[in-house]
>>> print(open('input.cif').read())   # mmCIF, C-alpha atoms
data_data
loop_
_atom_site.label_atom_id
_atom_site.label_comp_id
_atom_site.auth_asym_id
_atom_site.auth_seq_id
_atom_site.Cartn_x
_atom_site.Cartn_y
_atom_site.Cartn_z
CA MET A 209 0.00 0.00 0.00
CA LEU A 210 1.39 3.39 -0.98
CA LEU A 211 0.65 6.11 1.55
CA PHE A 212 1.89 9.60 0.81
CA LYS A 213 2.76 12.26 3.39
CA SER A 214 1.55 15.21 1.33
CA PHE A 215 -0.68 16.01 -1.60
CA THR A 216 2.44 17.18 -3.46
CA GLU A 217 3.95 13.69 -3.20
CA LEU A 218 0.69 12.13 -4.34
CA ALA A 219 0.35 14.62 -7.22
CA ALA A 220 3.90 13.87 -8.38
CA TYR A 221 3.25 10.13 -8.22
CA LEU A 222 -0.02 10.45 -10.18
CA MET A 223 1.60 12.65 -12.81
CA VAL A 224 4.49 10.23 -13.33
CA TYR A 225 2.10 7.27 -13.27
CA ILE A 226 -0.14 8.75 -15.95
CA ALA A 227 2.82 9.79 -18.10
CA ARG A 228 3.88 6.12 -18.04
CA ALA A 229 0.37 4.72 -18.57
CA ASP A 230 0.92 4.03 -22.27
CA GLY A 231 4.25 2.31 -21.64
CA GLN A 232 6.53 5.21 -22.51
CA VAL A 233 7.19 8.78 -21.44
CA HIS A 234 7.41 11.12 -24.41
CA TYR A 235 9.78 14.06 -23.96
CA LEU A 236 6.82 16.45 -24.32
CA GLU A 237 4.98 14.63 -21.52
CA GLU A 238 8.08 14.92 -19.36
CA SER A 239 8.34 18.65 -20.02
CA THR A 240 4.65 19.21 -19.33
CA LEU A 241 4.87 17.11 -16.17
CA ARG A 242 7.74 19.25 -14.89
CA ASP A 243 5.90 22.50 -15.70
CA HIS A 244 2.67 21.43 -14.00
CA LEU A 245 4.37 19.93 -10.97
CA GLY A 246 5.82 23.38 -10.37
CA TYR A 247 2.33 24.40 -9.18
CA PHE A 248 2.60 21.91 -6.32
CA SER A 249 6.32 22.00 -5.56
CA GLY A 250 9.24 24.39 -5.65
CA GLU A 251 11.45 21.43 -6.54
CA PRO A 252 9.64 19.61 -9.37
CA ASP A 253 12.74 17.69 -10.52
CA ALA A 254 13.27 16.22 -7.04
CA GLU A 255 9.59 15.28 -6.80
CA ILE A 256 9.69 13.63 -10.24
CA LEU A 257 12.75 11.63 -9.24
CA ARG A 258 11.09 10.44 -6.00
CA ALA A 259 7.86 9.60 -7.80
CA SER A 260 9.73 7.75 -10.55
CA LYS A 261 11.57 5.67 -7.96
CA CYS A 262 8.26 4.90 -6.26
CA CYS A 263 6.72 3.81 -9.59
CA ASP A 264 9.77 1.66 -10.34
CA ALA A 265 9.66 0.04 -6.88
CA ASN A 266 5.92 -0.71 -7.16
CA PRO A 267 5.29 -1.72 -10.78
CA LEU A 268 2.24 -3.87 -10.07
CA VAL A 269 0.34 -1.43 -7.89
CA LYS A 270 -3.15 -0.56 -9.10
CA ILE A 271 -4.02 3.11 -9.26
CA GLN A 272 -7.35 2.53 -7.50
CA ASP A 273 -5.51 0.99 -4.53
CA VAL A 274 -3.27 4.07 -4.31
CA LEU A 275 -6.28 6.38 -4.45
CA ASN A 276 -8.17 4.38 -1.82
CA ALA A 277 -5.15 4.31 0.51
CA ASN A 278 -4.80 8.10 0.23
CA GLU A 279 -8.49 8.96 0.41
CA SER A 280 -8.17 11.06 3.58
CA LEU A 281 -5.25 13.01 2.09
CA ILE A 282 -7.29 13.69 -1.04
CA GLY A 283 -10.32 14.71 1.01
CA SER A 284 -8.31 17.17 3.08
CA THR A 285 -6.89 18.90 -0.01
CA SER A 286 -8.54 22.02 -1.38
CA PHE A 287 -10.94 21.82 -4.28
CA ASN A 288 -8.69 24.14 -6.31
CA ASP A 289 -5.62 21.95 -5.82
CA ARG A 290 -7.53 18.82 -6.81
CA MET A 291 -8.92 20.52 -9.92
CA GLU A 292 -5.43 21.78 -10.80
CA LEU A 293 -4.15 18.22 -10.60
CA ILE A 294 -6.90 17.00 -12.93
CA ARG A 295 -6.01 19.77 -15.42
CA SER A 296 -2.34 18.86 -15.10
CA LEU A 297 -2.98 15.17 -15.75
CA TYR A 298 -5.10 16.01 -18.78
CA ASN A 299 -2.37 18.28 -20.15
CA ILE A 300 0.28 15.61 -19.61
CA ILE A 301 -1.56 12.94 -21.57
CA ASN A 302 -2.37 15.39 -24.37
CA SER A 303 1.09 16.90 -24.64
CA ASP A 304 2.50 14.31 -27.07
CA GLY A 305 -0.45 14.70 -29.44
CA ARG A 306 -1.70 11.13 -28.91
CA VAL A 307 -4.03 9.98 -26.16
CA HIS A 308 -4.06 6.24 -25.58
CA GLU A 309 -6.97 4.38 -24.01
CA GLU A 310 -4.75 3.35 -21.07
CA GLU A 311 -4.13 7.02 -20.32
CA MET A 312 -7.82 7.94 -20.53
CA ALA A 313 -8.89 5.01 -18.35
CA THR A 314 -6.32 6.01 -15.75
CA LEU A 315 -7.37 9.65 -15.91
CA ARG A 316 -11.04 8.72 -15.44
CA SER A 317 -10.20 6.71 -12.31
CA ILE A 318 -8.09 9.48 -10.85
CA ARG A 319 -10.60 12.19 -11.70
CA MET A 320 -13.43 10.33 -9.99
CA ALA A 321 -11.36 9.96 -6.81
CA LEU A 322 -10.25 13.60 -6.85
CA GLU A 323 -13.76 14.92 -7.43
CA GLN A 324 -15.28 12.99 -4.57
CA SER A 325 -15.60 14.56 -1.17
CA ALA A 326 -17.10 13.33 2.07
CA GLY A 327 -20.43 14.80 0.99
CA GLY A 328 -20.50 13.57 -2.59
CA THR A 329 -19.21 14.60 -5.96
CA LEU A 330 -17.86 18.08 -6.54
CA VAL A 331 -18.92 20.04 -9.59
CA SER A 332 -15.99 21.17 -11.74
#
>>> encode(input="input.cif", output="structure tokens")
Amino acid sequence: MLLFKSFTELAAYLMVYIARADGQVHYLEESTLRDHLGYFSGEPDAEILRASKCCDANPLVKIQDVLNANESLIGSTSFNDRMELIRSLYNIINSDGRVHEEEMATLRSIRMALEQSAGGTLVS
């Protein structure tokens, strides 16, 4: 089970995870990932490195398990930060000009988890 200490760590993991969802990380995805992670961290390169190591160490983890394990962290994060992460993920998968079904399926799962709150679904 992957538990993250901060939403920044979780955001970095999700961004790296989705960039890898189609089996490769295009240089444009990497650049977009770095730019968008800057919203969450003053050290995006360090966060990407940590997230990449985490992805490498846990290659069989299912994204839904990660989201479920970090549900309280997600719920305690502001609506704006969660929506910014959704926008970032969308931009990452679109940055190389090709969106694969694996990327969209992953994005749908993540978006549903990020939009949910204790009281129901948030409107974006």
>>> resolve_selection(input="input.cif", expression="the PyMOL selection byres ((chain A and resi 288) around 12)", output="PyMOL selection string")
chain A and resi 247-248+282+284-287+289-295+322-323+330-332
>>> resolve_selection(input="input.cif", expression="the PyMOL selection byres ((chain A and resi 263) around 12)", output="NGL selection string")
:A and (210 or 218 or 220-229 or 256-262 or 264-271 or 274)
>>> atom_distance(input="input.cif", atom1="CA of Lys213 in chain A", atom2="CA of Leu245 in chain A")
16.4 Å
>>> closest_residue(input="input.cif", among="A:Leu315, A:His244, A:Glu310, A:Ala219", to="Tyr298 in chain A", atoms="only C-alpha atoms")
A:Leu315
>>> closest_residue(input="input.cif", among="A:His308, A:Ser303, A:Gln324, A:Asp230", to="Ser280 in chain A", atoms="all atoms listed in the file")
A:Gln324
>>> resolve_selection(input="input.cif", expression="the PyMOL selection byres ((chain A and resi 300) around 7)", output="number ranges by chain")
A: 227, 237, 240-241, 296-299, 301-303
>>> atom_distance(input="input.cif", atom1="CA of Met320 in chain A", atom2="CA of Gly231 in chain A")
22.6 Å
>>> atom_distance(input="input.cif", atom1="CA of Phe215 in chain A", atom2="CA of His234 in chain A")
24.7 Å
>>> closest_residue(input="input.cif", among="A:Met312, A:Ala254, A:Met209, A:Ala321", to="Leu275 in chain A", atoms="all atoms listed in the file")
A:Ala321
>>> closest_residue(input="input.cif", among="A:Glu311, A:Glu279, A:Asp304, A:Leu211", to="Leu236 in chain A", atoms="only C-alpha atoms")
A:Asp304
>>> closest_residue(input="input.cif", among="A:Glu217, A:Asn278, A:Phe212, A:Arg316", to="Glu255 in chain A", atoms="all atoms listed in the file")
A:Glu217
>>> axis_aligned_box(input="input.cif", around="range 247-257 of chain A", padding_each_side="3 Å", output="AutoDock Vina command-line options")
--center_x 7.8 --center_y 18.0 --center_z -8.0 --size_x 16.9 --size_y 18.8 --size_z 11.0
